[in-house]
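Data from entry_36.cif: mmCIF, C-alpha atoms
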```
data_start
loop_
_atom_site.label_atom_id
_atom_site.label_comp_id
_atom_site.auth_asym_id
_atom_site.auth_seq_id
_atom_site.Cartn_x
_atom_site.Cartn_y
_atom_site.Cartn_z
CA MET A 1 18.92 -26.43 -17.66
CA ALA A 2 16.26 -27.14 -15.04
CA LEU A 3 17.46 -24.18 -12.99
CA ASN A 4 17.24 -21.89 -16.01
CA VAL A 5 13.66 -23.01 -16.62
CA LEU A 6 12.81 -22.44 -12.96
CA ASP A 7 14.41 -19.00 -13.16
CA ASN A 8 12.35 -17.98 -16.20
CA VAL A 9 9.08 -19.46 -14.95
CA SER A 10 9.36 -18.14 -11.40
CA ASN A 11 9.83 -14.59 -12.70
CA TYR A 12 6.23 -14.76 -13.91
CA ILE A 13 4.53 -17.23 -11.57
CA TYR A 14 4.90 -15.03 -8.53
CA PHE A 15 2.70 -12.45 -10.28
CA VAL A 16 -0.21 -14.92 -10.20
CA PRO A 17 -1.18 -14.33 -6.53
CA LEU A 18 -0.88 -10.58 -7.12
CA PHE A 19 -3.40 -10.70 -9.97
CA ALA A 20 -5.56 -13.06 -7.90
CA MET A 21 -5.76 -10.44 -5.16
CA GLY A 22 -6.95 -7.89 -7.70
CA ILE A 23 -9.75 -10.22 -8.76
CA ALA A 24 -10.67 -10.74 -5.10
CA PHE A 25 -10.86 -6.96 -4.66
CA LEU A 26 -13.45 -6.84 -7.44
CA LEU A 27 -15.48 -9.43 -5.57
CA VAL A 28 -15.43 -7.04 -2.60
CA PHE A 29 -17.30 -4.59 -4.82
CA VAL A 30 -19.91 -7.26 -5.61
CA LYS A 31 -20.32 -8.10 -1.93
CA LYS A 32 -20.68 -4.42 -1.06
CA ARG A 33 -23.55 -4.09 -3.51
CA ARG A 34 -25.30 -6.99 -1.81
CA GLU A 35 -24.71 -5.49 1.62
CA MET A 36 -26.22 -2.21 0.50
CA LYS A 37 -29.36 -3.98 -0.71
CA ARG A 38 -29.70 -5.78 2.63
CA ASP A 39 -28.72 -2.65 4.60
CA LEU A 40 -26.24 -4.62 6.71
CA HIS A 41 -23.78 -1.76 7.16
CA PRO A 42 -25.74 1.50 6.92
CA LEU A 43 -23.62 4.32 5.52
CA ASP A 44 -24.43 7.74 4.20
CA GLN A 45 -24.49 8.24 0.44
CA GLU A 46 -20.98 9.64 0.27
CA GLU A 47 -19.49 6.77 2.26
CA GLU A 48 -21.30 4.26 0.07
CA ARG A 49 -19.87 5.81 -3.09
CA GLU A 50 -16.35 5.63 -1.73
CA SER A 51 -16.81 2.05 -0.49
CA LEU A 52 -17.92 1.04 -3.98
CA ALA A 53 -15.30 3.04 -5.87
CA ASN A 54 -12.27 1.99 -3.84
CA PRO A 55 -12.14 -1.73 -4.75
CA ILE A 56 -12.42 -0.88 -8.44
CA ALA A 57 -9.82 1.90 -8.26
CA ILE A 58 -7.42 -0.29 -6.27
CA THR A 59 -7.79 -3.15 -8.75
CA VAL A 60 -7.28 -0.89 -11.77
CA ALA A 61 -4.15 0.62 -10.20
CA LEU A 62 -2.80 -2.79 -9.20
CA PHE A 63 -3.42 -4.36 -12.60
CA GLY A 64 -1.97 -1.32 -14.34
CA GLY A 65 1.24 -1.46 -12.32
CA LEU A 66 1.64 -5.22 -12.74
CA ILE A 67 0.96 -5.17 -16.49
CA TYR A 68 3.43 -2.32 -16.97
CA ALA A 69 6.10 -4.16 -14.99
CA LEU A 70 5.51 -7.41 -16.87
CA PHE A 71 5.17 -6.23 -20.45
CA PHE A 72 6.33 -2.64 -20.87
CA SER A 73 9.10 -1.93 -18.38
CA SER A 74 12.66 -2.40 -19.60
CA PHE A 75 13.78 -3.24 -16.06
CA ARG A 76 14.19 -7.02 -15.95
CA PRO A 77 13.62 -8.95 -13.86
CA VAL A 78 11.25 -7.13 -11.51
CA MET A 79 12.33 -9.51 -8.78
CA PRO A 80 15.33 -11.71 -9.60
CA TYR A 81 15.67 -15.40 -8.94
CA PRO A 82 15.77 -16.72 -6.22
CA LEU A 83 13.91 -13.85 -4.49
CA ASP A 84 10.82 -14.65 -6.56
CA VAL A 85 10.93 -18.29 -5.45
CA ILE A 86 11.48 -17.22 -1.85
CA THR A 87 8.39 -15.01 -2.17
CA LEU A 88 6.27 -17.97 -3.25
CA ILE A 89 7.67 -20.19 -0.50
CA TRP A 90 7.07 -17.48 2.09
CA TYR A 91 3.50 -16.96 0.93
CA ALA A 92 2.76 -20.68 1.05
CA GLY A 93 4.08 -20.82 4.61
CA PHE A 94 2.13 -17.70 5.54
CA LEU A 95 -1.08 -19.21 4.19
CA VAL A 96 -0.64 -22.34 6.29
CA PHE A 97 0.05 -20.29 9.42
CA PHE A 98 -2.82 -17.87 8.78
CA ILE A 99 -5.29 -20.66 8.04
CA VAL A 100 -4.43 -22.25 11.39
CA LEU A 101 -5.13 -18.91 13.10
CA CYS A 102 -8.41 -18.56 11.20
CA ILE A 103 -9.59 -22.04 12.17
CA ARG A 104 -8.81 -21.37 15.82
CA GLU A 105 -10.61 -18.02 15.69
CA TYR A 106 -13.64 -19.54 13.97
CA LYS A 107 -14.00 -22.12 16.74
CA ARG A 108 -13.49 -19.55 19.50
CA TYR A 109 -15.53 -16.61 18.22
CA ALA A 110 -19.05 -16.20 19.60
CA GLY A 111 -19.90 -12.66 18.49
CA PRO A 112 -21.99 -11.31 15.59
CA PRO A 113 -21.45 -13.04 12.23
CA PHE A 114 -20.54 -9.79 10.49
CA GLU A 115 -18.46 -6.75 11.31
CA VAL A 116 -20.17 -4.05 13.34
CA LYS A 117 -18.99 -0.52 14.05
CA ASP A 118 -21.39 2.18 15.17
CA ALA A 119 -19.07 5.15 15.62
CA GLY A 120 -18.99 7.32 12.53
CA ASP A 121 -15.57 8.81 13.23
CA LEU A 122 -12.44 7.97 15.18
CA SER A 123 -11.18 9.61 18.33
CA LEU A 124 -7.98 11.61 18.07
CA LYS A 125 -6.13 8.75 19.79
CA TYR A 126 -7.15 6.16 17.22
CA GLU A 127 -6.69 8.64 14.38
CA ALA A 128 -3.09 9.14 15.51
CA ILE A 129 -2.53 5.37 15.73
CA ARG A 130 -4.05 4.95 12.29
CA LYS A 131 -1.76 7.56 10.77
CA ALA A 132 1.23 6.06 12.57
CA THR A 133 0.61 2.74 10.81
CA HIS A 134 0.80 4.59 7.49
CA VAL A 135 4.18 6.02 8.37
CA VAL A 136 5.58 2.47 8.44
CA ILE A 137 5.56 2.60 4.64
CA VAL A 138 8.31 5.21 4.87
CA LEU A 139 10.65 2.31 5.63
CA VAL A 140 10.81 2.22 1.83
CA ILE A 141 13.37 5.04 2.07
CA VAL A 142 15.52 3.09 4.49
CA CYS A 143 15.27 0.04 2.24
CA TYR A 144 16.42 1.96 -0.83
CA ILE A 145 19.36 3.65 0.85
CA ILE A 146 20.55 1.41 3.69
CA ILE A 147 18.80 -1.95 4.05
CA GLY A 148 18.69 -2.65 0.31
CA PRO A 149 22.43 -2.80 -0.36
CA ALA A 150 23.08 -4.64 2.91
CA PHE A 151 20.30 -7.12 2.18
CA MET A 152 21.64 -7.82 -1.30
CA GLN A 153 25.12 -8.45 0.09
CA VAL A 154 23.68 -11.01 2.51
CA VAL A 155 21.67 -12.66 -0.28
CA ASN A 156 24.71 -12.82 -2.56
CA TRP A 157 26.79 -14.33 0.24
CA LEU A 158 24.14 -17.00 0.84
CA LEU A 159 23.99 -17.78 -2.88
CA ARG A 160 27.72 -18.36 -2.90
CA VAL A 161 27.85 -20.59 0.17
CA VAL A 162 24.56 -22.51 -0.26
CA PRO A 163 24.63 -24.89 -3.23
CA GLY A 164 21.62 -25.63 -5.40
CA PHE A 165 20.40 -22.21 -6.47
CA GLY A 166 22.41 -22.24 -9.68
CA VAL A 167 23.47 -18.59 -9.48
CA ASP A 168 26.57 -16.97 -8.04
CA GLY A 169 24.98 -13.67 -7.14
CA LEU A 170 22.40 -11.06 -8.01
CA ASP A 171 23.20 -7.98 -10.00
CA GLY A 172 23.00 -5.12 -7.54
CA HIS A 173 25.67 -3.04 -9.23
CA THR A 174 24.27 0.24 -7.98
CA ILE A 175 22.94 1.23 -4.61
CA PHE A 176 19.50 1.93 -6.08
CA PHE A 177 19.22 -1.35 -7.99
CA ALA A 178 20.04 -3.18 -4.78
CA GLY A 179 17.42 -1.07 -3.04
CA GLN A 180 14.88 -1.68 -5.81
CA TYR A 181 15.19 -5.45 -5.53
CA THR A 182 14.85 -5.28 -1.76
CA VAL A 183 11.92 -2.87 -1.80
CA SER A 184 10.06 -4.90 -4.42
CA PHE A 185 10.67 -8.09 -2.47
CA LEU A 186 9.52 -6.70 0.89
CA THR A 187 6.59 -4.68 -0.50
CA ILE A 188 5.18 -7.63 -2.43
CA ILE A 189 5.51 -9.85 0.63
CA ALA A 190 3.75 -7.22 2.75
CA PHE A 191 1.02 -6.77 0.14
CA LEU A 192 0.30 -10.49 -0.07
CA GLY A 193 0.03 -10.78 3.70
CA LEU A 194 -2.14 -7.68 4.13
CA ALA A 195 -4.37 -8.51 1.17
CA THR A 196 -4.94 -12.08 2.35
CA SER A 197 -5.89 -10.83 5.80
CA GLU A 198 -8.23 -8.23 4.30
CA ILE A 199 -9.99 -10.77 2.09
CA VAL A 200 -10.59 -13.01 5.11
CA ARG A 201 -11.98 -10.05 7.06
CA VAL A 202 -14.41 -9.16 4.30
CA PHE A 203 -15.63 -12.63 3.32
CA PHE A 204 -15.03 -14.77 6.41
CA TYR A 205 -15.35 -12.38 9.33
CA ARG A 206 -16.05 -15.09 11.90
CA ALA A 207 -12.66 -16.62 11.14
CA TYR A 208 -10.79 -13.30 10.98
CA PRO A 209 -8.14 -13.51 13.74
CA LEU A 210 -7.28 -9.79 13.88
CA LYS A 211 -10.60 -8.34 15.01
CA GLN A 212 -8.92 -6.00 17.50
CA VAL A 213 -7.45 -4.06 14.58
CA LYS A 214 -10.89 -2.75 13.60
CA ALA A 215 -10.54 -0.13 16.35
CA ILE A 216 -8.55 1.99 13.88
CA PHE A 217 -10.94 1.35 10.98
CA ARG A 218 -13.46 4.00 10.06
CA ARG A 219 -17.09 2.93 9.76
CA LYS A 220 -16.98 3.14 5.96
CA GLU A 221 -14.10 0.62 5.95
CA THR A 222 -16.01 -2.11 7.77
CA GLY A 223 -17.90 -4.94 6.11
CA ALA A 224 -17.31 -5.30 2.38
CA ALA A 225 -14.86 -2.42 2.10
CA LEU A 226 -11.10 -2.24 1.85
CA GLY A 227 -9.14 -0.47 4.57
CA SER A 228 -6.95 2.53 3.90
CA HIS A 229 -3.83 0.42 4.48
CA MET A 230 -4.66 -1.54 1.33
CA SER A 231 -5.05 1.68 -0.66
CA LEU A 232 -1.68 2.98 0.51
CA THR A 233 0.06 -0.36 -0.01
CA VAL A 234 -1.23 -0.73 -3.57
CA GLY A 235 -0.47 2.91 -4.39
CA SER A 236 3.06 2.50 -3.07
CA LEU A 237 3.57 -0.81 -4.89
CA VAL A 238 2.53 0.74 -8.20
CA VAL A 239 4.97 3.62 -7.74
CA ILE A 240 7.77 1.20 -6.81
CA LEU A 241 7.15 -0.94 -9.89
CA VAL A 242 6.81 1.95 -12.33
CA PHE A 243 9.25 4.58 -11.07
CA GLY A 244 11.50 2.71 -8.64
CA PRO A 245 13.90 1.16 -11.17
CA TYR A 246 14.60 4.46 -12.93
CA TYR A 247 13.78 7.27 -10.51
CA PRO A 248 14.03 5.85 -6.98
CA SER A 249 14.06 9.32 -5.45
CA ILE A 250 10.64 10.00 -7.01
CA ALA A 251 9.33 6.75 -5.55
CA MET A 252 10.72 7.64 -2.13
CA ALA A 253 9.38 11.19 -2.25
CA SER A 254 5.86 10.35 -3.42
CA ILE A 255 5.43 7.54 -0.90
CA SER A 256 6.84 9.64 1.93
CA ILE A 257 4.67 12.68 1.38
CA SER A 258 1.62 10.46 0.92
CA ALA A 259 2.17 8.85 4.30
CA ILE A 260 3.70 11.63 6.39
CA ALA A 261 2.23 14.82 4.92
CA ASP A 262 -1.27 13.35 4.74
CA GLY A 263 -0.88 12.03 8.28
CA ALA A 264 0.26 15.43 9.53
CA ALA A 265 -2.75 17.07 7.90
CA GLY A 266 -5.14 14.67 9.60
CA ILE A 267 -3.67 14.91 13.09
CA ILE A 268 -2.90 18.65 13.14
CA GLY A 269 -6.22 19.43 11.52
CA ARG A 270 -8.07 17.44 14.17
CA ARG A 271 -6.07 18.85 17.08
CA PHE A 272 -5.45 22.46 16.11
CA GLY A 273 -7.80 23.13 13.21
CA ARG A 274 -9.92 26.26 13.62
CA HIS A 275 -10.61 27.39 10.07
CA ALA A 276 -12.71 24.83 8.21
CA TYR A 277 -13.37 24.67 4.49
CA GLN A 278 -15.69 22.59 2.33
CA THR A 279 -14.13 20.16 -0.15
CA LEU A 280 -15.35 20.27 -3.73
CA PHE A 281 -16.76 16.79 -4.34
CA SER A 282 -17.78 15.74 -0.84
CA ARG A 283 -19.30 17.05 2.34
CA LYS A 284 -16.08 16.57 4.23
CA ARG A 285 -14.99 19.60 6.18
CA LYS A 286 -11.25 19.97 6.48
CA THR A 287 -9.14 22.71 8.00
CA LEU A 288 -6.68 25.20 6.60
CA GLU A 289 -4.29 24.34 9.44
CA GLY A 290 -4.22 20.71 8.30
CA LEU A 291 -3.75 21.74 4.67
CA LEU A 292 -0.90 24.09 5.59
CA SER A 293 0.87 21.41 7.61
CA ALA A 294 0.62 18.97 4.69
CA THR A 295 2.02 21.63 2.36
CA VAL A 296 5.04 22.37 4.54
CA VAL A 297 5.83 18.71 5.22
CA SER A 298 5.42 17.82 1.55
CA ILE A 299 7.81 20.52 0.33
CA VAL A 300 10.46 19.69 2.93
CA LEU A 301 10.31 15.94 2.30
CA SER A 302 10.23 16.29 -1.48
CA LEU A 303 13.24 18.58 -1.57
CA SER A 304 15.18 16.37 0.82
CA LEU A 305 14.66 13.26 -1.29
CA LEU A 306 14.75 14.71 -4.81
CA VAL A 307 17.68 17.11 -4.63
CA TYR A 308 20.36 14.39 -4.81
CA GLN A 309 19.13 13.01 -8.14
CA PHE A 310 17.59 16.11 -9.74
CA GLY A 311 19.49 19.08 -8.30
CA ILE A 312 17.89 22.47 -8.89
CA ALA A 313 14.95 20.89 -10.73
CA SER A 314 13.89 19.34 -7.43
CA PHE A 315 12.46 22.71 -6.31
CA PHE A 316 10.04 22.74 -9.23
CA MET A 317 9.24 19.04 -8.78
CA ALA A 318 8.56 19.52 -5.06
CA PHE A 319 6.23 22.41 -5.83
CA ILE A 320 4.27 20.36 -8.39
CA ALA A 321 4.03 17.33 -6.10
CA THR A 322 2.76 19.50 -3.25
CA LEU A 323 0.27 21.21 -5.54
CA VAL A 324 -1.07 17.81 -6.61
CA LEU A 325 -1.26 16.61 -3.01
CA ASP A 326 -3.19 19.71 -1.93
CA GLY A 327 -5.42 19.47 -5.00
CA ILE A 328 -6.45 15.92 -4.13
CA ASP A 329 -7.22 17.09 -0.60
CA LEU A 330 -9.32 20.00 -1.84
CA LEU A 331 -11.23 17.90 -4.37
CA SER A 332 -11.89 14.84 -2.16
CA ILE A 333 -13.22 12.67 -4.97
CA PRO A 334 -14.83 9.38 -3.81
CA VAL A 335 -11.62 7.35 -4.02
CA SER A 336 -9.19 6.92 -1.14
CA ASP A 337 -6.50 9.59 -1.15
CA ASN A 338 -4.14 6.94 0.20
CA LEU A 339 -4.30 5.36 -3.25
CA LEU A 340 -4.33 8.57 -5.25
CA ASN A 341 -1.58 10.48 -3.45
CA PRO A 342 1.46 8.27 -4.16
CA ILE A 343 0.44 7.64 -7.77
CA ALA A 344 -0.55 11.21 -8.62
CA THR A 345 2.39 12.91 -6.89
CA SER A 346 4.90 10.67 -8.64
#
```
Starting from the file, give its structure as structure tokens.
Amino acid sequence: MALNVLDNVSNYIYFVPLFAMGIAFLLVFVKKRREMKRDLHPLDQEEERESLANPIAITVALFGGLIYALFFSSFRPVMPYPLDVITLIWYAGFLVFFIVLCIREYKRYAGPPFEVKDAGDLSLKYEAIRKATHVVIVLVIVCYIIIGPAFMQVVNWLLRVVPGFGVDGLDGHTIFFAGQYTVSFLTIIAFLGLATSEIVRVFFYRAYPLKQVKAIFRRKETGAALGSHMSLTVGSLVVILVFGPYYPSIAMASISISAIADGAAGIIGRRFGRHAYQTLFSRKRKTLEGLLSATVVSIVLSLSLLVYQFGIASFFMAFIATLVLDGIDLLSIPVSDNLLNPIATS
């Protein structure tokens, strides 16, 4: 009886820190407004608009995905017991460890009390490193197809040999359901860790123990602003929660083209771009070479990942996804494309 209660309660309790992060992101918006009044992190007008819009857009997307998964999705549970309990235990342990690091950094740090970055743009080296970190999200594909089923087999074995959980095994009766459980588990864990770190950076910079990472942050992402990794993580999490249980190939395709195609556009455009064009809603100048590389990579990736589940229709779906991806690039509205791309292309 007690285990059944724990099972039911834990399926909802682990959403609490996820919603809490969304509320914290809104506070980033409030802090950014104060910074702008005090002129602590001078940005141009376009950068300021994006820095203000991103926390709101990220929160809306996060809340939308969580509310859908909790109240409207027929896929239950989003994360089965005991993975939900393990998530909470992991996060509690992570908080203790991270707080220790923050205390040590606070005592050691003797630099400025707030984040400073003068360079307006990144060198090609740091741009490449930045894009490479985005590609890590493509591990979602490996989790769905390979790691997911293997992980669920290990979990089910542990549930059988370790007494006290009250369950014999988790229902991973298809390769994609096993992958969905694994991807949800790992993505939520990653989100909680990244979001906690980001909140500390924004509100308690002196105690932030990962200051070296700011080398790959753009100027507009310093201070009270959320980094692009948060945009991509939230965008990917929303796609996983909404589409993953039913159309895993769509989740894999949208996340992959958002990370790899967008990364290819940035690096190839910077290195080989010769023909620049003006985006519609910003002063950003991008290159046709970068756009073409994103188009090719998007079509190839989409077809590769969609054809198994959708057959001939995957050609049309790949074309639409690529059209949406290129459209977001051409428009450049003041919201991070790392958030928009996975959601819009799905």
Expanded to explicit residues, what is the PyMOL selection byres ((chain A and resi 192-196) around 12) for this file, as a PDB file with C-alpha atoms, in the frame of the given file?
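Below is the file that was written, out_31.pdb:
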```pdb
ATOM      1  CA  TYR A  14       4.900 -15.030  -8.530  1.00  0.00           C
ATOM      2  CA  PHE A  15       2.700 -12.450 -10.280  1.00  0.00           C
ATOM      3  CA  VAL A  16      -0.210 -14.920 -10.200  1.00  0.00           C
ATOM      4  CA  PRO A  17      -1.180 -14.330  -6.530  1.00  0.00           C
ATOM      5  CA  LEU A  18      -0.880 -10.580  -7.120  1.00  0.00           C
ATOM      6  CA  PHE A  19      -3.400 -10.700  -9.970  1.00  0.00           C
ATOM      7  CA  ALA A  20      -5.560 -13.060  -7.900  1.00  0.00           C
ATOM      8  CA  MET A  21      -5.760 -10.440  -5.160  1.00  0.00           C
ATOM      9  CA  GLY A  22      -6.950  -7.890  -7.700  1.00  0.00           C
ATOM     10  CA  ILE A  23      -9.750 -10.220  -8.760  1.00  0.00           C
ATOM     11  CA  ALA A  24     -10.670 -10.740  -5.100  1.00  0.00           C
ATOM     12  CA  PHE A  25     -10.860  -6.960  -4.660  1.00  0.00           C
ATOM     13  CA  VAL A  28     -15.430  -7.040  -2.600  1.00  0.00           C
ATOM     14  CA  PRO A  55     -12.140  -1.730  -4.750  1.00  0.00           C
ATOM     15  CA  ILE A  58      -7.420  -0.290  -6.270  1.00  0.00           C
ATOM     16  CA  THR A  59      -7.790  -3.150  -8.750  1.00  0.00           C
ATOM     17  CA  LEU A  62      -2.800  -2.790  -9.200  1.00  0.00           C
ATOM     18  CA  THR A  87       8.390 -15.010  -2.170  1.00  0.00           C
ATOM     19  CA  LEU A  88       6.270 -17.970  -3.250  1.00  0.00           C
ATOM     20  CA  TRP A  90       7.070 -17.480   2.090  1.00  0.00           C
ATOM     21  CA  TYR A  91       3.500 -16.960   0.930  1.00  0.00           C
ATOM     22  CA  ALA A  92       2.760 -20.680   1.050  1.00  0.00           C
ATOM     23  CA  GLY A  93       4.080 -20.820   4.610  1.00  0.00           C
ATOM     24  CA  PHE A  94       2.130 -17.700   5.540  1.00  0.00           C
ATOM     25  CA  LEU A  95      -1.080 -19.210   4.190  1.00  0.00           C
ATOM     26  CA  VAL A  96      -0.640 -22.340   6.290  1.00  0.00           C
ATOM     27  CA  PHE A  97       0.050 -20.290   9.420  1.00  0.00           C
ATOM     28  CA  PHE A  98      -2.820 -17.870   8.780  1.00  0.00           C
ATOM     29  CA  ILE A  99      -5.290 -20.660   8.040  1.00  0.00           C
ATOM     30  CA  CYS A 102      -8.410 -18.560  11.200  1.00  0.00           C
ATOM     31  CA  PHE A 185      10.670  -8.090  -2.470  1.00  0.00           C
ATOM     32  CA  LEU A 186       9.520  -6.700   0.890  1.00  0.00           C
ATOM     33  CA  THR A 187       6.590  -4.680  -0.500  1.00  0.00           C
ATOM     34  CA  ILE A 188       5.180  -7.630  -2.430  1.00  0.00           C
ATOM     35  CA  ILE A 189       5.510  -9.850   0.630  1.00  0.00           C
ATOM     36  CA  ALA A 190       3.750  -7.220   2.750  1.00  0.00           C
ATOM     37  CA  PHE A 191       1.020  -6.770   0.140  1.00  0.00           C
ATOM     38  CA  SER A 197      -5.890 -10.830   5.800  1.00  0.00           C
ATOM     39  CA  GLU A 198      -8.230  -8.230   4.300  1.00  0.00           C
ATOM     40  CA  ILE A 199      -9.990 -10.770   2.090  1.00  0.00           C
ATOM     41  CA  VAL A 200     -10.590 -13.010   5.110  1.00  0.00           C
ATOM     42  CA  ARG A 201     -11.980 -10.050   7.060  1.00  0.00           C
ATOM     43  CA  VAL A 202     -14.410  -9.160   4.300  1.00  0.00           C
ATOM     44  CA  PHE A 203     -15.630 -12.630   3.320  1.00  0.00           C
ATOM     45  CA  PHE A 204     -15.030 -14.770   6.410  1.00  0.00           C
ATOM     46  CA  TYR A 208     -10.790 -13.300  10.980  1.00  0.00           C
ATOM     47  CA  PRO A 209      -8.140 -13.510  13.740  1.00  0.00           C
ATOM     48  CA  LEU A 210      -7.280  -9.790  13.880  1.00  0.00           C
ATOM     49  CA  LEU A 226     -11.100  -2.240   1.850  1.00  0.00           C
ATOM     50  CA  GLY A 227      -9.140  -0.470   4.570  1.00  0.00           C
ATOM     51  CA  SER A 228      -6.950   2.530   3.900  1.00  0.00           C
ATOM     52  CA  HIS A 229      -3.830   0.420   4.480  1.00  0.00           C
ATOM     53  CA  MET A 230      -4.660  -1.540   1.330  1.00  0.00           C
ATOM     54  CA  SER A 231      -5.050   1.680  -0.660  1.00  0.00           C
ATOM     55  CA  LEU A 232      -1.680   2.980   0.510  1.00  0.00           C
ATOM     56  CA  THR A 233       0.060  -0.360  -0.010  1.00  0.00           C
ATOM     57  CA  VAL A 234      -1.230  -0.730  -3.570  1.00  0.00           C
ATOM     58  CA  LEU A 237       3.570  -0.810  -4.890  1.00  0.00           C
TER      59      LEU A 237
END
```
Computed interatomic separation between atom CA of Met36 of chain A and atom CA of Glu105 of chain A (Å): 26.9 Å
For Ala53 of chain A, the nearest of the candidates A:Leu27, A:Val335, A:Leu303, A:Ile255, counting only C-alpha atoms: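 Nearest candidate to Ala53 of chain A out of A:Leu27, A:Val335, A:Leu303, A:Ile255: A:Val335.
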Output of the PyMOL selection byres ((chain A and resi 306) around 9), listed as JSON, numbers by chain: {"A": [249, 250, 252, 253, 301, 302, 303, 304, 305, 307, 308, 309, 310, 311, 313, 314, 315, 317, 318]}
Residues in the PyMOL selection byres ((chain A and resi 273-284) around 12), expressed as a PyMOL selection string: chain A and resi 44-47+49-50+121+264-272+285-293+326-335
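The gap separating atom CA of Ile147 of chain A from atom CA of Tyr246 of chain A is 18.6 Å, in Å to one decimal.
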Atomic separation - atom CA of Lys211 of chain A relative to atom CA of Ala224 of chain A, Å: 14.6 Å
Residue with smallest distance to Pro82 of chain A - pool A:Tyr181, A:Phe63, A:Tyr68, A:Tyr247, counting all atoms listed in the file: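 Ranking A:Tyr181, A:Phe63, A:Tyr68, A:Tyr247 by distance to Pro82 of chain A, first place goes to A:Tyr181.
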Which residue of A:Leu241, A:Leu52, A:Val85, A:Leu340 approaches Phe71 of chain A most closely, using only C-alpha atoms: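 Distance minimum relative to Phe71 of chain A lands on A:Leu241.
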What does segment 205-217 of chain A look like written to a file with N, CA and C atoms, as a PDB file, in the first residue's frame?
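Result written to part-v5.pdb:
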```pdb
ATOM      1  N   TYR A 205      26.789  35.170  -8.947  1.00  0.00           N
ATOM      2  CA  TYR A 205      27.947  34.971  -9.815  1.00  0.00           C
ATOM      3  C   TYR A 205      29.228  34.728  -9.029  1.00  0.00           C
ATOM      4  N   ARG A 206      29.392  35.381  -7.908  1.00  0.00           N
ATOM      5  CA  ARG A 206      30.611  35.186  -7.111  1.00  0.00           C
ATOM      6  C   ARG A 206      30.782  33.721  -6.714  1.00  0.00           C
ATOM      7  N   ALA A 207      29.684  33.036  -6.500  1.00  0.00           N
ATOM      8  CA  ALA A 207      29.751  31.638  -6.066  1.00  0.00           C
ATOM      9  C   ALA A 207      29.703  30.655  -7.233  1.00  0.00           C
ATOM     10  N   TYR A 208      29.576  31.148  -8.443  1.00  0.00           N
ATOM     11  CA  TYR A 208      29.438  30.270  -9.614  1.00  0.00           C
ATOM     12  C   TYR A 208      30.765  29.561  -9.882  1.00  0.00           C
ATOM     13  N   PRO A 209      30.811  28.233  -9.779  1.00  0.00           N
ATOM     14  CA  PRO A 209      32.098  27.529  -9.864  1.00  0.00           C
ATOM     15  C   PRO A 209      32.556  27.194 -11.284  1.00  0.00           C
ATOM     16  N   LEU A 210      31.785  27.575 -12.288  1.00  0.00           N
ATOM     17  CA  LEU A 210      32.115  27.201 -13.668  1.00  0.00           C
ATOM     18  C   LEU A 210      32.399  28.432 -14.521  1.00  0.00           C
ATOM     19  N   LYS A 211      33.111  29.387 -13.966  1.00  0.00           N
ATOM     20  CA  LYS A 211      33.334  30.657 -14.664  1.00  0.00           C
ATOM     21  C   LYS A 211      34.117  30.496 -15.965  1.00  0.00           C
ATOM     22  N   GLN A 212      34.926  29.446 -16.071  1.00  0.00           N
ATOM     23  CA  GLN A 212      35.695  29.244 -17.300  1.00  0.00           C
ATOM     24  C   GLN A 212      34.791  28.995 -18.504  1.00  0.00           C
ATOM     25  N   VAL A 213      33.583  28.514 -18.247  1.00  0.00           N
ATOM     26  CA  VAL A 213      32.669  28.179 -19.337  1.00  0.00           C
ATOM     27  C   VAL A 213      32.229  29.422 -20.101  1.00  0.00           C
ATOM     28  N   LYS A 214      32.303  30.593 -19.463  1.00  0.00           N
ATOM     29  CA  LYS A 214      31.795  31.802 -20.113  1.00  0.00           C
ATOM     30  C   LYS A 214      32.573  32.154 -21.376  1.00  0.00           C
ATOM     31  N   ALA A 215      33.700  31.482 -21.609  1.00  0.00           N
ATOM     32  CA  ALA A 215      34.464  31.735 -22.834  1.00  0.00           C
ATOM     33  C   ALA A 215      33.648  31.425 -24.081  1.00  0.00           C
ATOM     34  N   ILE A 216      32.683  30.502 -23.972  1.00  0.00           N
ATOM     35  CA  ILE A 216      31.863  30.161 -25.142  1.00  0.00           C
ATOM     36  C   ILE A 216      30.495  30.837 -25.089  1.00  0.00           C
ATOM     37  N   PHE A 217      30.309  31.761 -24.144  1.00  0.00           N
ATOM     38  CA  PHE A 217      29.074  32.531 -24.084  1.00  0.00           C
ATOM     39  C   PHE A 217      29.228  33.800 -24.920  1.00  0.00           C
TER      40      PHE A 217
END
```
